[in-house]
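**Student:** Below is the file query.cif, which contains mmCIF, C-alpha atoms.
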data_upload
#
loop_
_atom_site.label_atom_id
_atom_site.label_comp_id
_atom_site.auth_asym_id
_atom_site.auth_seq_id
_atom_site.Cartn_x
_atom_site.Cartn_y
_atom_site.Cartn_z
CA MET A 1 -12.51 4.67 16.72
CA SER A 2 -11.00 7.70 15.01
CA ASN A 3 -7.31 8.52 15.13
CA LYS A 4 -7.89 11.43 17.44
CA ASN A 5 -9.84 9.33 19.89
CA ALA A 6 -7.36 6.50 19.77
CA ASP A 7 -4.53 8.81 20.85
CA LEU A 8 -3.86 8.30 24.57
CA SER A 9 -7.47 7.10 25.01
CA SER A 10 -10.18 9.73 25.30
CA HIS A 11 -12.37 7.70 27.69
CA THR A 12 -13.46 9.62 30.75
CA LEU A 13 -12.74 9.15 34.44
CA SER A 14 -15.34 8.85 37.18
CA ALA A 15 -15.20 11.45 39.96
CA ARG A 16 -13.81 8.82 42.36
CA GLU A 17 -11.04 7.85 39.95
CA ALA A 18 -10.11 11.49 39.39
CA VAL A 19 -9.88 12.15 43.14
CA VAL A 20 -7.82 9.00 43.77
CA VAL A 21 -5.44 9.95 40.94
CA VAL A 22 -4.85 13.32 42.60
CA MET A 23 -4.58 11.86 46.11
CA ILE A 24 -1.85 9.39 45.19
CA LEU A 25 0.29 12.32 44.03
CA THR A 26 0.10 13.79 47.52
CA PHE A 27 0.70 10.40 49.11
CA ALA A 28 3.79 9.66 46.99
CA LEU A 29 5.40 12.97 47.98
CA ASP A 30 4.43 12.41 51.61
CA PHE A 31 6.49 9.20 51.77
CA ARG A 32 9.63 11.18 51.24
CA VAL A 33 9.11 14.54 52.88
CA LEU A 34 6.19 14.47 55.31
CA PRO A 35 8.06 13.58 58.54
CA ILE A 36 10.90 16.01 57.76
CA PHE A 37 8.77 18.95 56.61
CA ALA A 38 6.26 18.61 59.44
CA ILE A 39 8.78 18.08 62.24
CA GLN A 40 11.76 20.24 61.19
CA PRO A 41 10.10 23.62 61.86
CA ALA A 42 7.51 22.62 64.46
CA GLY A 43 9.33 19.97 66.54
CA PHE A 44 6.96 18.40 69.09
CA ALA A 45 4.01 20.10 67.40
CA GLY A 46 4.69 18.66 63.95
CA TRP A 47 1.43 16.73 63.97
CA VAL A 48 -0.56 19.97 64.49
CA SER A 49 0.97 21.29 61.21
CA VAL A 50 -0.64 18.39 59.38
CA LEU A 51 -4.03 19.26 60.89
CA LEU A 52 -3.65 22.87 59.77
CA GLN A 53 -2.62 21.71 56.30
CA PHE A 54 -5.80 19.64 56.18
CA GLY A 55 -7.80 22.87 56.68
CA TYR A 56 -5.95 24.59 53.82
CA MET A 57 -6.48 21.59 51.57
CA LEU A 58 -10.25 21.61 52.20
CA PHE A 59 -10.36 25.27 51.22
CA PHE A 60 -8.29 24.83 48.05
CA PHE A 61 -10.19 21.72 47.02
CA HIS A 62 -13.35 23.82 47.20
CA ILE A 63 -11.68 26.35 44.85
CA PHE A 64 -10.73 23.57 42.40
CA TYR A 65 -14.28 22.24 42.55
CA LYS A 66 -15.75 25.69 41.84
CA LEU A 67 -13.45 26.10 38.81
CA LEU A 68 -14.34 22.64 37.52
CA ILE A 69 -18.06 23.08 37.96
CA SER A 70 -17.99 26.51 36.26
CA PHE A 71 -16.17 25.11 33.22
CA PRO A 72 -17.57 21.59 32.70
CA GLN A 73 -15.67 19.37 30.25
CA GLN A 74 -12.87 21.91 29.90
CA ASN A 75 -9.23 21.48 30.79
CA PHE A 76 -6.87 23.83 32.60
CA ALA A 77 -5.58 25.56 29.44
CA GLN A 78 -9.14 26.35 28.35
CA ILE A 79 -10.11 27.59 31.84
CA VAL A 80 -7.07 29.89 32.09
CA GLN A 81 -7.60 31.28 28.59
CA ALA A 82 -11.32 31.84 29.28
CA ILE A 83 -10.57 33.88 32.41
CA TRP A 84 -7.26 35.61 31.65
CA GLY A 85 -7.36 35.82 27.85
CA LYS A 86 -5.39 33.95 25.21
CA THR A 87 -1.95 35.56 25.48
CA LEU A 88 -1.58 35.55 29.26
CA GLY A 89 -3.31 32.18 29.38
CA ARG A 90 -0.72 30.65 27.04
CA VAL A 91 2.16 32.10 29.07
CA ILE A 92 0.67 30.67 32.27
CA VAL A 93 0.08 27.24 30.74
CA PHE A 94 3.64 27.19 29.36
CA SER A 95 4.98 28.00 32.83
CA TYR A 96 2.95 25.06 34.17
CA ILE A 97 4.57 22.80 31.57
CA LEU A 98 8.03 23.88 32.77
CA TRP A 99 7.01 23.41 36.40
CA LEU A 100 5.77 19.87 35.74
CA LEU A 101 9.00 19.05 33.90
CA LEU A 102 11.00 20.27 36.91
CA ILE A 103 8.83 18.26 39.31
CA LEU A 104 9.20 15.15 37.13
CA SER A 105 12.99 15.46 36.80
CA PHE A 106 13.42 16.10 40.50
CA ASN A 107 11.23 13.21 41.62
CA ILE A 108 12.78 10.77 39.15
CA ASN A 109 16.20 11.65 40.52
CA MET A 110 14.98 11.26 44.11
CA PHE A 111 13.39 7.94 43.21
CA GLY A 112 16.67 6.68 41.76
CA ALA A 113 18.52 8.03 44.80
CA ARG A 114 16.12 6.32 47.22
CA LEU A 115 16.41 2.98 45.44
CA SER A 116 20.20 3.09 45.16
CA HIS A 117 20.40 4.29 48.79
CA SER A 118 18.08 1.82 50.49
CA GLN A 119 16.98 -1.10 48.30
CA TYR A 120 19.73 -1.57 45.73
CA PRO A 121 22.86 -0.17 47.37
CA GLY A 122 25.74 0.27 44.95
CA GLN A 123 23.58 0.00 41.83
CA ASN A 124 23.97 2.51 39.02
CA LYS A 125 21.35 5.23 39.57
CA ALA A 126 21.18 6.10 35.84
CA MET A 127 20.26 2.50 35.01
CA LEU A 128 17.47 2.46 37.62
CA ILE A 129 16.15 5.75 36.22
CA ALA A 130 16.28 4.43 32.61
CA ILE A 131 14.22 1.32 33.50
CA PHE A 132 11.77 3.41 35.48
CA VAL A 133 11.28 5.99 32.70
CA LEU A 134 10.88 3.32 30.04
CA PHE A 135 8.03 1.62 31.91
CA ALA A 136 6.42 4.94 32.82
CA VAL A 137 6.25 5.97 29.14
CA ILE A 138 4.80 2.59 28.14
CA ILE A 139 2.02 3.07 30.72
CA VAL A 140 1.41 6.70 29.69
CA ARG A 141 0.84 5.45 26.15
CA SER A 142 -2.18 3.44 27.33
CA GLY A 143 -4.02 6.59 28.48
CA ILE A 144 -5.40 7.98 31.72
CA VAL A 145 -8.18 5.41 32.29
CA PRO A 146 -5.92 2.36 32.81
CA ILE A 147 -3.61 4.56 34.89
CA ALA A 148 -6.54 5.62 37.08
CA ARG A 149 -7.69 2.02 37.56
CA MET A 150 -4.17 0.96 38.52
CA THR A 151 -4.04 3.91 40.90
CA ARG A 152 -7.28 2.90 42.62
CA PHE A 153 -5.92 -0.56 43.34
CA CYS A 154 -2.57 0.83 44.44
CA MET A 155 -4.20 3.41 46.72
CA PHE A 156 -6.35 0.75 48.38
CA MET A 157 -3.23 -1.31 49.09
CA LEU A 158 -1.33 1.70 50.41
CA VAL A 159 -4.08 2.84 52.77
CA THR A 160 -4.52 -0.69 54.12
CA ILE A 161 -0.78 -1.13 54.61
CA PHE A 162 -0.46 2.22 56.32
CA MET A 163 -3.22 1.33 58.76
CA ILE A 164 -1.41 -1.91 59.59
CA LEU A 165 1.88 0.00 59.92
CA ILE A 166 0.36 2.51 62.31
CA ALA A 167 -0.90 -0.36 64.47
CA LEU A 168 2.58 -1.94 64.44
CA TRP A 169 4.25 1.34 65.37
CA LEU A 170 2.00 1.90 68.40
CA PRO A 171 3.98 -0.24 70.92
CA SER A 172 7.27 1.54 70.03
CA LEU A 173 5.93 5.09 70.58
CA ARG A 174 7.42 7.27 73.31
CA TRP A 175 4.51 9.53 74.16
CA GLU A 176 6.65 12.24 75.76
CA ASN A 177 8.10 12.97 72.26
CA PHE A 178 5.05 14.83 70.95
CA MET A 179 3.69 16.51 74.05
CA PRO A 180 3.21 19.17 75.34
CA VAL A 181 2.09 21.56 72.58
CA THR A 182 1.55 25.19 73.64
CA TYR A 183 0.47 28.42 71.94
CA LEU A 184 4.19 29.34 71.65
CA ASP A 185 4.48 26.67 68.95
CA LEU A 186 1.94 28.46 66.73
CA PRO A 187 4.42 30.36 64.44
CA ASN A 188 6.43 27.18 63.85
CA VAL A 189 3.25 25.20 63.28
CA GLY A 190 2.20 27.77 60.67
CA LEU A 191 5.54 27.45 58.86
CA GLY A 192 5.38 23.65 59.11
CA SER A 193 1.86 23.59 57.68
CA LEU A 194 3.00 25.60 54.64
CA LYS A 195 5.86 23.17 54.10
CA VAL A 196 3.52 20.20 54.38
CA LEU A 197 1.05 21.94 52.05
CA TYR A 198 3.69 21.60 49.34
CA THR A 199 2.93 17.88 49.09
CA GLY A 200 -0.66 18.71 48.13
CA SER A 201 0.30 21.24 45.45
CA LEU A 202 -0.11 18.69 42.66
CA SER A 203 -3.81 18.36 43.57
CA MET A 204 -4.34 21.19 41.10
CA LEU A 205 -3.75 18.64 38.35
CA ILE A 206 -7.43 17.77 38.79
CA LEU A 207 -8.01 20.98 36.78
CA VAL A 208 -5.67 19.74 34.05
CA LEU A 209 -7.73 16.55 33.83
CA GLY A 210 -11.00 18.56 33.87
CA ASP A 211 -12.05 17.50 30.35
CA LYS A 212 -11.41 13.83 31.21
CA ILE A 213 -13.80 13.73 34.19
CA ALA A 214 -17.34 12.55 33.52
CA ASN A 215 -19.22 13.78 36.58
CA HIS A 216 -17.90 16.90 38.27
CA LYS A 217 -20.69 17.18 40.83
CA ASN A 218 -19.48 14.33 43.06
CA ILE A 219 -15.89 15.55 43.17
CA ARG A 220 -16.29 17.75 46.24
CA ARG A 221 -18.01 15.09 48.37
CA ILE A 222 -15.54 12.36 47.42
CA GLY A 223 -12.62 14.77 47.65
CA TYR A 224 -13.48 15.86 51.20
CA LYS A 225 -13.83 12.24 52.31
CA SER A 226 -10.49 11.30 50.76
CA LEU A 227 -8.75 14.35 52.21
CA THR A 228 -10.05 13.46 55.68
CA LEU A 229 -8.81 9.88 55.42
CA LEU A 230 -5.45 11.06 54.09
CA ALA A 231 -5.09 13.66 56.84
CA ALA A 232 -5.85 11.04 59.53
CA ILE A 233 -3.15 8.75 58.13
CA LYS A 234 -0.67 11.63 57.84
CA VAL A 235 -1.24 12.77 61.42
CA CYS A 236 -0.68 9.18 62.61
CA VAL A 237 2.52 8.90 60.52
CA VAL A 238 3.92 12.16 61.96
CA ILE A 239 2.98 11.08 65.50
CA ALA A 240 4.72 7.75 64.82
CA ALA A 241 7.83 9.53 63.49
CA LEU A 242 7.92 11.72 66.59
CA GLY A 243 7.21 8.83 68.91
CA ILE A 244 9.80 6.45 67.45
CA LEU A 245 12.65 8.70 66.29
CA GLY A 246 12.00 11.94 68.18
CA PRO A 247 11.92 15.56 66.94
CA ASN A 248 15.73 15.95 66.85
CA LEU A 249 16.53 12.86 64.83
CA VAL A 250 13.86 13.00 62.06
CA PRO A 251 15.18 16.11 60.21
CA ARG A 252 18.64 14.52 60.02
CA ILE A 253 17.49 11.32 58.27
CA PRO A 254 16.93 11.63 54.47
CA PHE A 255 14.25 8.91 54.27
CA ALA A 256 12.76 8.86 57.76
CA LEU A 257 9.84 6.62 56.82
CA ASN A 258 12.20 3.86 55.64
CA THR A 259 14.04 4.00 58.95
CA MET A 260 10.76 3.80 60.85
CA ILE A 261 9.71 0.75 58.84
CA ASN A 262 13.06 -0.90 59.50
CA SER A 263 12.51 -0.30 63.21
CA ILE A 264 9.44 -2.56 63.02
CA ALA A 265 11.47 -5.28 61.35
CA PHE A 266 14.15 -5.10 64.03
CA SER A 267 12.01 -4.81 67.13
CA SER A 268 9.29 -7.37 66.48
CA SER A 269 8.88 -10.86 65.16
CA LEU A 270 8.01 -9.50 61.68
CA GLU A 271 11.15 -9.59 59.56
CA ARG A 272 11.88 -8.16 56.11
CA ILE A 273 8.63 -6.18 56.03
CA ASP A 274 10.70 -3.30 54.63
CA SER A 275 11.30 -5.14 51.33
CA PHE A 276 7.58 -5.55 50.72
CA LEU A 277 6.86 -1.94 51.64
CA GLY A 278 9.74 -0.72 49.52
CA VAL A 279 8.05 -2.29 46.51
CA LEU A 280 4.75 -0.66 47.43
CA PHE A 281 6.36 2.78 47.81
CA SER A 282 8.10 2.32 44.47
CA VAL A 283 4.74 1.53 42.87
CA ALA A 284 3.28 4.73 44.36
CA GLU A 285 6.22 6.76 43.07
CA PHE A 286 5.86 5.07 39.70
CA MET A 287 2.18 6.04 39.58
CA PHE A 288 3.20 9.58 40.53
CA ILE A 289 5.60 9.86 37.58
CA THR A 290 3.09 8.26 35.21
CA ILE A 291 0.22 10.58 36.17
CA VAL A 292 2.32 13.76 36.14
CA SER A 293 3.81 12.72 32.75
CA PHE A 294 0.31 12.25 31.36
CA CYS A 295 -0.75 15.68 32.65
CA PHE A 296 2.45 17.19 31.20
CA LEU A 297 1.63 15.80 27.74
CA HIS A 298 -2.05 16.74 28.10
CA LEU A 299 -1.06 20.35 28.85
CA ILE A 300 1.19 20.42 25.77
CA ARG A 301 -1.65 19.07 23.66
CA SER A 302 -4.11 21.68 24.99
CA LEU A 303 -1.63 24.55 24.64
CA PHE A 304 -0.66 23.88 21.04
CA GLY A 305 -4.00 22.38 19.92
CA LEU A 306 -2.38 19.11 18.81
CA ASP A 307 -4.37 16.14 17.51
CA ARG A 308 -1.96 13.46 18.67
CA ILE A 309 0.55 13.28 21.44
CA THR A 310 2.04 9.82 20.79
CA PRO A 311 4.90 11.19 18.59
CA PHE A 312 6.21 12.93 21.72
CA LEU A 313 6.46 9.85 23.94
CA VAL A 314 10.09 9.13 22.99
CA LEU A 315 10.95 12.79 23.53
CA LEU A 316 9.24 12.61 26.91
CA ALA A 317 11.32 9.56 27.83
CA LEU A 318 14.55 11.30 26.75
CA SER A 319 13.64 14.48 28.63
CA LEU A 320 12.81 12.55 31.80
CA PHE A 321 15.97 10.46 31.59
CA PHE A 322 18.33 13.39 31.04
CA GLY A 323 16.36 15.69 33.36
CA GLY A 324 16.36 13.03 36.08
CA ASN A 325 20.08 12.35 35.75
CA PHE A 326 21.28 15.91 35.34
CA ILE A 327 19.21 17.74 37.91
CA GLY A 328 21.53 17.05 40.84
CA ASN A 329 24.40 15.03 42.22
CA THR A 330 23.94 14.71 45.94
CA PHE A 331 21.08 14.38 48.39
CA PHE A 332 22.00 17.56 50.16
CA THR A 333 21.93 19.82 47.08
CA LEU A 334 18.67 18.22 46.01
CA PHE A 335 17.07 18.79 49.41
CA GLU A 336 18.39 22.34 49.35
CA LEU A 337 16.94 22.89 45.85
CA GLU A 338 13.61 21.49 47.03
CA GLU A 339 13.41 23.79 50.05
CA ALA A 340 14.80 26.89 48.37
CA PHE A 341 13.06 26.72 45.02
CA ILE A 342 10.70 23.83 44.31
CA LEU A 343 8.66 24.24 47.50
CA PRO A 344 7.79 27.97 47.07
CA LEU A 345 7.31 27.51 43.32
CA SER A 346 4.92 24.61 43.92
CA LEU A 347 2.91 26.62 46.45
CA VAL A 348 2.51 29.40 43.87
CA MET A 349 1.67 27.09 40.97
CA GLY A 350 -0.45 24.66 42.98
CA PHE A 351 -2.47 27.10 45.08
CA ALA A 352 -1.81 30.79 44.46
CA VAL A 353 -2.46 30.76 40.69
CA PRO A 354 -5.72 28.75 40.92
CA LEU A 355 -6.83 31.08 43.75
CA LEU A 356 -6.08 34.15 41.60
CA LEU A 357 -7.85 32.47 38.71
CA TYR A 358 -10.91 31.90 40.87
CA GLY A 359 -10.78 35.49 42.21
CA THR A 360 -10.58 36.95 38.69
CA GLY A 361 -13.39 34.67 37.54
CA ARG A 362 -15.58 35.89 40.40
CA LEU A 363 -14.76 39.54 39.66
CA ARG A 364 -15.57 39.07 35.97
CA LYS A 365 -18.74 37.18 37.02
CA ILE A 366 -17.69 34.12 34.99
CA ILE A 367 -17.70 31.99 38.16
CA HIS A 368 -20.69 32.09 40.51
CA MET B 1 34.62 20.79 27.17
CA ASN B 2 34.17 17.44 25.42
CA TRP B 3 33.54 18.60 21.83
CA GLY B 4 33.42 15.06 20.40
CA LEU B 5 30.58 14.09 22.72
CA LEU B 6 28.67 17.30 21.94
CA VAL B 7 28.95 16.74 18.18
CA ALA B 8 27.81 13.14 18.61
CA ILE B 9 24.78 14.24 20.66
CA TRP B 10 23.71 16.88 18.12
CA LEU B 11 24.20 14.47 15.20
CA ALA B 12 22.02 11.88 16.93
CA LEU B 13 19.33 14.51 17.57
CA LEU B 14 19.51 15.64 13.93
CA VAL B 15 19.06 12.08 12.65
CA TYR B 16 16.07 11.67 14.99
CA LEU B 17 14.59 14.96 13.72
CA ILE B 18 14.94 13.89 10.08
CA TRP B 19 13.23 10.59 10.87
CA ALA B 20 10.41 12.46 12.67
CA CYS B 21 10.07 14.83 9.68
CA PHE B 22 9.37 11.94 7.31
CA ARG B 23 7.02 10.26 9.77
CA LEU B 24 4.98 13.31 10.75
CA LEU B 25 4.86 14.99 7.33
CA SER B 26 3.60 11.77 5.75
CA ARG B 27 0.52 12.19 7.99
CA GLY B 28 0.30 15.93 7.32
CA GLU B 29 1.02 16.84 10.95
CA LYS B 30 2.90 20.12 10.52
CA LYS B 31 1.99 21.57 13.91
CA GLU B 32 3.19 18.41 15.66
CA LEU B 33 6.45 18.62 13.70
CA LEU B 34 6.99 22.22 14.80
CA VAL B 35 6.47 21.36 18.48
CA PHE B 36 8.63 18.25 18.04
CA GLY B 37 11.49 20.29 16.51
CA CYS B 38 11.39 22.96 19.22
CA TRP B 39 11.29 20.35 22.00
CA LEU B 40 14.21 18.43 20.47
CA PHE B 41 16.23 21.65 20.13
CA LEU B 42 15.61 22.60 23.78
CA LEU B 43 16.53 19.08 24.87
CA GLY B 44 19.77 19.36 22.89
CA ILE B 45 20.63 22.64 24.59
CA PHE B 46 19.84 21.18 28.02
CA ILE B 47 22.04 18.15 27.40
CA SER B 48 24.86 20.36 26.03
CA ILE B 49 24.79 22.62 29.11
CA ASN B 50 24.95 19.59 31.36
CA VAL B 51 27.71 17.90 29.37
CA HIS B 52 29.65 21.14 29.78
CA SER B 53 28.88 21.52 33.48
CA LYS B 54 29.62 17.85 34.18
CA ALA B 55 33.28 18.60 33.43
CA SER B 56 33.33 20.77 36.56
CA ASP B 57 31.02 18.32 38.41
CA LEU B 58 28.14 20.78 38.44
CA ARG B 59 24.52 19.90 37.80
CA PHE B 60 21.34 21.95 37.45
CA ALA B 61 20.73 22.02 41.22
CA GLU B 62 24.28 23.20 41.99
CA LEU B 63 24.23 25.78 39.19
CA PHE B 64 20.88 27.10 40.30
CA LEU B 65 21.82 27.29 43.97
CA GLN B 66 25.08 29.06 43.08
CA LEU B 67 23.16 31.64 41.05
CA PHE B 68 20.64 32.44 43.78
CA ARG B 69 22.75 32.15 46.91
#
Can you give me the file's structure in the form of structure tokens?
**Tutor:**
Amino acid sequence: MSNKNADLSSHTLSAREAVVVVMILTFALDFRVLPIFAIQPAGFAGWVSVLLQFGYMLFFFHIFYKLLISFPQQNFAQIVQAIWGKTLGRVIVFSYILWLLLILSFNINMFGARLSHSQYPGQNKAMLIAIFVLFAVIIVRSGIVPIARMTRFCMFMLVTIFMILIALWLPSLRWENFMPVTYLDLPNVGLGSLKVLYTGSLSMLILVLGDKIANHKNIRRIGYKSLTLLAAIKVCVVIAALGILGPNLVPRIPFALNTMINSIAFSSSLERIDSFLGVLFSVAEFMFITIVSFCFLHLIRSLFGLDRITPFLVLLALSLFFGGNFIGNTFFTLFELEEAFILPLSLVMGFAVPLLLYGTGRLRKIIH
Amino acid sequence: MNWGLLVAIWLALLVYLIWACFRLLSRGEKKELLVFGCWLFLLGIFISINVHSKASDLRFAELFLQLFR
């Protein structure tokens, strides 16, 4: 195997692996923000926001598919430069690199905060982040194929566990907490759906991995199936959050899902289930950081036309460590930063830019 | 401002850059070295800003929110 091929493994992903890789990014963000973002604006009708978001996601996944199928075996940098020209294309790709760095730093900090808040109270957050980053970089070094295979296994576990969780939550639900929903809730549902859509913004990374996917044709079919399954789970989770904690309490709890899981441990014969689930959530967040880091490096490689990316792994680790530690001090400023800046930015980068790209491609008759 | 810490950070980054120069140039990877140098420089600036802002207990999020409020 040549040097170029040996660098971060050039083996390709199947369509199923590519879709699962993208879906776990959504899932990992959902753990943290889904109950809050769905319920805060829409209250009782929070679960309808998730249904609306599902509609948006189907539409945008179709756009991603059209872009992928029009530019087979090409990555995002090549697609952007083919449609918008070299100069603008490079500016756009560079802005994506900065966006991914921000997302990585923010989520690493939140991961450290969640662990030191719930699972390891009193532990040094910087130390947790250092261990996490170190392992993430080691995994990134092995390439996208082992990451995707790990993700498939992890996703299977997560979906199974969530189905069991939903069944366990059912007896504790207070049905009056998410009914009635009227047409007066529509504006709030619309706002809630946009906030929930933020968790799916990293689905656009399927375009970044475009040159790593072997068979583009099956992506749409598998993607729609996965989105439907994910939406069903998300609706059930929001209904459970409403039913157990109520619409007034959820927005005030930083990690509502953890509290809901603890409620199972307290109210039934199952004890310490939260420890096991905590590990599983950490694995999902770990996969999130690993995949986004890989895409970050892949974008840098495509932008600058580099042969190897392995010399940058230590720099990546340093950037993630310092970025993760320095991005914020408290939960409240971080949540504020997420709502005020990261959320709108992610909607633009995740959906608006690919949509504009598709529109321009159609106008220039590059995409049919 | 903790000048001692800043000097130490920049010295460490410089040593790392020199090591990378030898390693990358021995393989003839000039483009990689250029990207490496720029990235290291930006990282140094980011760390310096945060070392400075840490003295007043500010971080990126706080600085950003203060700018745009």
**Student:** Can you work out which residues from chain A touch chain B at a cut-off of 10 Å (counting only C-alpha atoms) and hand them back as a VMD selection string?
**Tutor:** chain A and resid 106 300 to 301 304 to 309 311 to 312 315 to 316 318 to 319 322 to 323 325 to 330 333 to 338 340 to 341
**Student:** Those same residues - C-alpha atoms - I'd like them written as a tab-separated table (two decimals), in the frame of the given file.
**Tutor:**
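So out-v3.tsv came out as:
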chain	number	residue	atom	x	y	z
A	106	PHE	CA	13.42	16.10	40.50
A	300	ILE	CA	1.19	20.42	25.77
A	301	ARG	CA	-1.65	19.07	23.66
A	304	PHE	CA	-0.66	23.88	21.04
A	305	GLY	CA	-4.00	22.38	19.92
A	306	LEU	CA	-2.38	19.11	18.81
A	307	ASP	CA	-4.37	16.14	17.51
A	308	ARG	CA	-1.96	13.46	18.67
A	309	ILE	CA	0.55	13.28	21.44
A	311	PRO	CA	4.90	11.19	18.59
A	312	PHE	CA	6.21	12.93	21.72
A	315	LEU	CA	10.95	12.79	23.53
A	316	LEU	CA	9.24	12.61	26.91
A	318	LEU	CA	14.55	11.30	26.75
A	319	SER	CA	13.64	14.48	28.63
A	322	PHE	CA	18.33	13.39	31.04
A	323	GLY	CA	16.36	15.69	33.36
A	325	ASN	CA	20.08	12.35	35.75
A	326	PHE	CA	21.28	15.91	35.34
A	327	ILE	CA	19.21	17.74	37.91
A	328	GLY	CA	21.53	17.05	40.84
A	329	ASN	CA	24.40	15.03	42.22
A	330	THR	CA	23.94	14.71	45.94
A	333	THR	CA	21.93	19.82	47.08
A	334	LEU	CA	18.67	18.22	46.01
A	335	PHE	CA	17.07	18.79	49.41
A	336	GLU	CA	18.39	22.34	49.35
A	337	LEU	CA	16.94	22.89	45.85
A	338	GLU	CA	13.61	21.49	47.03
A	340	ALA	CA	14.80	26.89	48.37
A	341	PHE	CA	13.06	26.72	45.02
**Student:** Measure the distance from atom CA of A:Thr182 to atom CA of A:Leu227 in Å and round it to one decimal.
**Tutor:**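 Between atom CA of A:Thr182 and atom CA of A:Leu227 the gap is 26.1 Å.
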**Student:** Just to confirm, what's the straight-line distance from atom CA of A:Phe321 to atom CA of A:Ala130 in Å (one decimal)?
**Tutor:** 6.1 Å
**Student:** So that I can check the surroundings of A:Thr151, please list as a PyMOL selection string every protein, DNA and RNA residue that reaches within 12 Å of it, counting only C-alpha atoms and ignoring chain neighbours fewer than 4 positions away.
**Tutor:** chain A and resi 16-25+27-28+139+144-147+155-159+280+283-291
**Student:** For a test of reading the model, state the distance in Å between atom CA of A:Glu339 and atom CA of A:Gly223, rounded to one decimal.
**Tutor:**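 Between atom CA of A:Glu339 and atom CA of A:Gly223 the gap is 27.7 Å.
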**Student:** Apply the PyMOL selection byres ((chain A and resi 54) around 9) to the displayed file and report the matching residues as an MDAnalysis selection string.
**Tutor:** chainID A and resid 49:53 55:59 193 197 227:228 230:231
**Student:** Carefully work through the PyMOL selection byres ((chain A and resi 36) around 12) for this structure and note down the residues it includes, as a ChimeraX atom specification.
**Tutor:** /A:29-35,37-43,46-47,49-50,192-193,195-196,199,237-238,241-242,245-257,335,339
**Student:** Atoms to include: C-alpha atoms. Write the selected residues as an mmCIF file, keeping the file's coordinate frame.
**Tutor:**
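Result went into out-v9.cif, see below:
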data_model
loop_
_atom_site.group_PDB
_atom_site.id
_atom_site.type_symbol
_atom_site.label_atom_id
_atom_site.label_comp_id
_atom_site.auth_asym_id
_atom_site.auth_seq_id
_atom_site.Cartn_x
_atom_site.Cartn_y
_atom_site.Cartn_z
ATOM 1 C CA LEU A 29 5.400 12.970 47.980
ATOM 2 C CA ASP A 30 4.430 12.410 51.610
ATOM 3 C CA PHE A 31 6.490 9.200 51.770
ATOM 4 C CA ARG A 32 9.630 11.180 51.240
ATOM 5 C CA VAL A 33 9.110 14.540 52.880
ATOM 6 C CA LEU A 34 6.190 14.470 55.310
ATOM 7 C CA PRO A 35 8.060 13.580 58.540
ATOM 8 C CA PHE A 37 8.770 18.950 56.610
ATOM 9 C CA ALA A 38 6.260 18.610 59.440
ATOM 10 C CA ILE A 39 8.780 18.080 62.240
ATOM 11 C CA GLN A 40 11.760 20.240 61.190
ATOM 12 C CA PRO A 41 10.100 23.620 61.860
ATOM 13 C CA ALA A 42 7.510 22.620 64.460
ATOM 14 C CA GLY A 43 9.330 19.970 66.540
ATOM 15 C CA GLY A 46 4.690 18.660 63.950
ATOM 16 C CA TRP A 47 1.430 16.730 63.970
ATOM 17 C CA SER A 49 0.970 21.290 61.210
ATOM 18 C CA VAL A 50 -0.640 18.390 59.380
ATOM 19 C CA GLY A 192 5.380 23.650 59.110
ATOM 20 C CA SER A 193 1.860 23.590 57.680
ATOM 21 C CA LYS A 195 5.860 23.170 54.100
ATOM 22 C CA VAL A 196 3.520 20.200 54.380
ATOM 23 C CA THR A 199 2.930 17.880 49.090
ATOM 24 C CA VAL A 237 2.520 8.900 60.520
ATOM 25 C CA VAL A 238 3.920 12.160 61.960
ATOM 26 C CA ALA A 241 7.830 9.530 63.490
ATOM 27 C CA LEU A 242 7.920 11.720 66.590
ATOM 28 C CA LEU A 245 12.650 8.700 66.290
ATOM 29 C CA GLY A 246 12.000 11.940 68.180
ATOM 30 C CA PRO A 247 11.920 15.560 66.940
ATOM 31 C CA ASN A 248 15.730 15.950 66.850
ATOM 32 C CA LEU A 249 16.530 12.860 64.830
ATOM 33 C CA VAL A 250 13.860 13.000 62.060
ATOM 34 C CA PRO A 251 15.180 16.110 60.210
ATOM 35 C CA ARG A 252 18.640 14.520 60.020
ATOM 36 C CA ILE A 253 17.490 11.320 58.270
ATOM 37 C CA PRO A 254 16.930 11.630 54.470
ATOM 38 C CA PHE A 255 14.250 8.910 54.270
ATOM 39 C CA ALA A 256 12.760 8.860 57.760
ATOM 40 C CA LEU A 257 9.840 6.620 56.820
ATOM 41 C CA PHE A 335 17.070 18.790 49.410
ATOM 42 C CA GLU A 339 13.410 23.790 50.050
#
**Student:** Could you check which of A:Val314, A:Leu165, A:Leu186, A:Met110 is closest to B:Tyr16, using only C-alpha atoms?
**Tutor:**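 Answer, going by the shortest atom-to-atom distance: A:Val314.
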**Student:** Given the PyMOL selection byres ((chain A and resi 348) around 12) and the file above, list the residues it selects as an NGL selection string.
**Tutor:** :A and (92 or 95-96 or 99 or 194 or 197-198 or 200-202 or 204 or 341-347 or 349-357)
**Student:** Pick out the closest residue to A:Asn107 from this set: A:Gln119, A:Ser142, A:Ser282, A:Gln78. Count only C-alpha atoms.
**Tutor:**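 Comparing A:Gln119, A:Ser142, A:Ser282, A:Gln78 against A:Asn107, the winner is A:Ser282.
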